[in-house]
Amino acid sequence: MLSLSFAFQKKQFPRRLALRLPGVAFSSKAPQPRYLIQITRTRLRDKPVHSVCYHVAQSLASHDTKRWATSTTPHSRASDPAEEEALLCLEQGTQKLEEGDVEGAKKLYQRSVDIKRNASSLFNLGVTHYHLKEFDEAIHSWKSAIELQPSSADAHTNLASAYLIHSQSRPDLALQHLQIAAKLAPEDPEVAFNLASVLEAFGRLPEALEYYMRSKRYGVDRAAVHIKDISAKIEKQPEGTNGTTTKPSTT
């Protein structure tokens, strides 16, 4: 079984977060997921990596591009009392996150979901579970959000990170969701970069090269280094090979 580690040593990969906690530096080793609430981006601290799949997931957390979403999303327009109360809980959860109270935010997002099931609250509920290392719950929340809003590239990207960081890592499912995210957001350079990094780990070098090049074309300059590395690897391969190797281990 091929280890994932070869492709990710000493590399940092972009990870778009729609919204961030202001001034909060989480000490968790998990990558920070994307938010639907407007807050300031923070970085994870660099730490030694012992788990291969964790290293892949951590790699997705270091790009500085900011994307914002506001409370005036298609899922936030209240048309009945239940929707109004659910939206209020969503906004109160956002305030808790701005204050760094992840547990408090989780309770409010859960209440919002219980009152009126909606993609925004489920998405942000997944974020709080993720930061609390409740990865099974995060996966469930993001899968539920996708059921309500299948076109959310951010939800697919977060789900990929959760599958990678989970104790029973599923890089195959992470790859699947990153591929969906890339189809939904073909000009998103960070999604392209993240997908390229996982494809590289799977040994699918020509595909990885394609997405690194797309990432560079749309604004991730450091993709150029990986383009050079992948091109060199492909050139060194024996004639007749297709640039793929053994499926990486999921452990």
# chains A, B, ... in the order shown; residues from 1 in each chain; ligands from 1
>>> closest_atom_pairs(of="segment 130-206 of chain A", to="segment 100-117 of chain A", cutoff="10 Å", atoms="only C-alpha atoms", output="CSV")
residue,atom,partner,partner_atom,distance
A:His131,CA,A:Val102,CA,7.7
A:Leu132,CA,A:Val102,CA,7.8
A:Ser141,CA,A:Gln110,CA,9.9
A:Ser144,CA,A:Arg117,CA,9.5
A:Ala145,CA,A:Arg117,CA,9.2
A:Leu148,CA,A:Arg117,CA,9.0
>>> closest_residue(among="A:His166, A:Lys133, A:His140, A:Arg217", to="Ala192 of chain A", atoms="only C-alpha atoms")
A:Arg217
>>> residues_around(residues="Leu209 of chain A", least_positions_apart="3", cutoff="10 Å", atoms="only C-alpha atoms", output="PyMOL selection string")
chain A and resi 193+196-197+199-200+204-206+212-215+223+226-231+234
>>> atom_distance(atom1="atom CA of Leu178 of chain A", atom2="atom CA of Ala119 of chain A")
19.0 Å
>>> residues_around(residues="His156 of chain A", least_positions_apart="6", cutoff="12 Å", atoms="only C-alpha atoms", output="VMD selection string")
chain A and resid 33 to 34 123 126 138 to 139 141 to 147 149 to 150 162 to 163 173 to 185 191 194 to 195
>>> closest_residue(among="A:Ala82, A:Gln95, A:Val198, A:Glu190", to="Arg170 of chain A", atoms="only C-alpha atoms")
A:Val198
>>> atom_distance(atom1="atom CA of Leu90 of chain A", atom2="atom CA of Leu164 of chain A")
27.6 Å
>>> select_by_dssp(residues="segment 117-168 of chain A", states="helix (DSSP H, G or I)", output="PyMOL selection string")
chain A and resi 119-131+135-148+153-165
>>> atom_distance(atom1="atom CA of Gly93 of chain A", atom2="atom CA of Asn124 of chain A")
8.6 Å
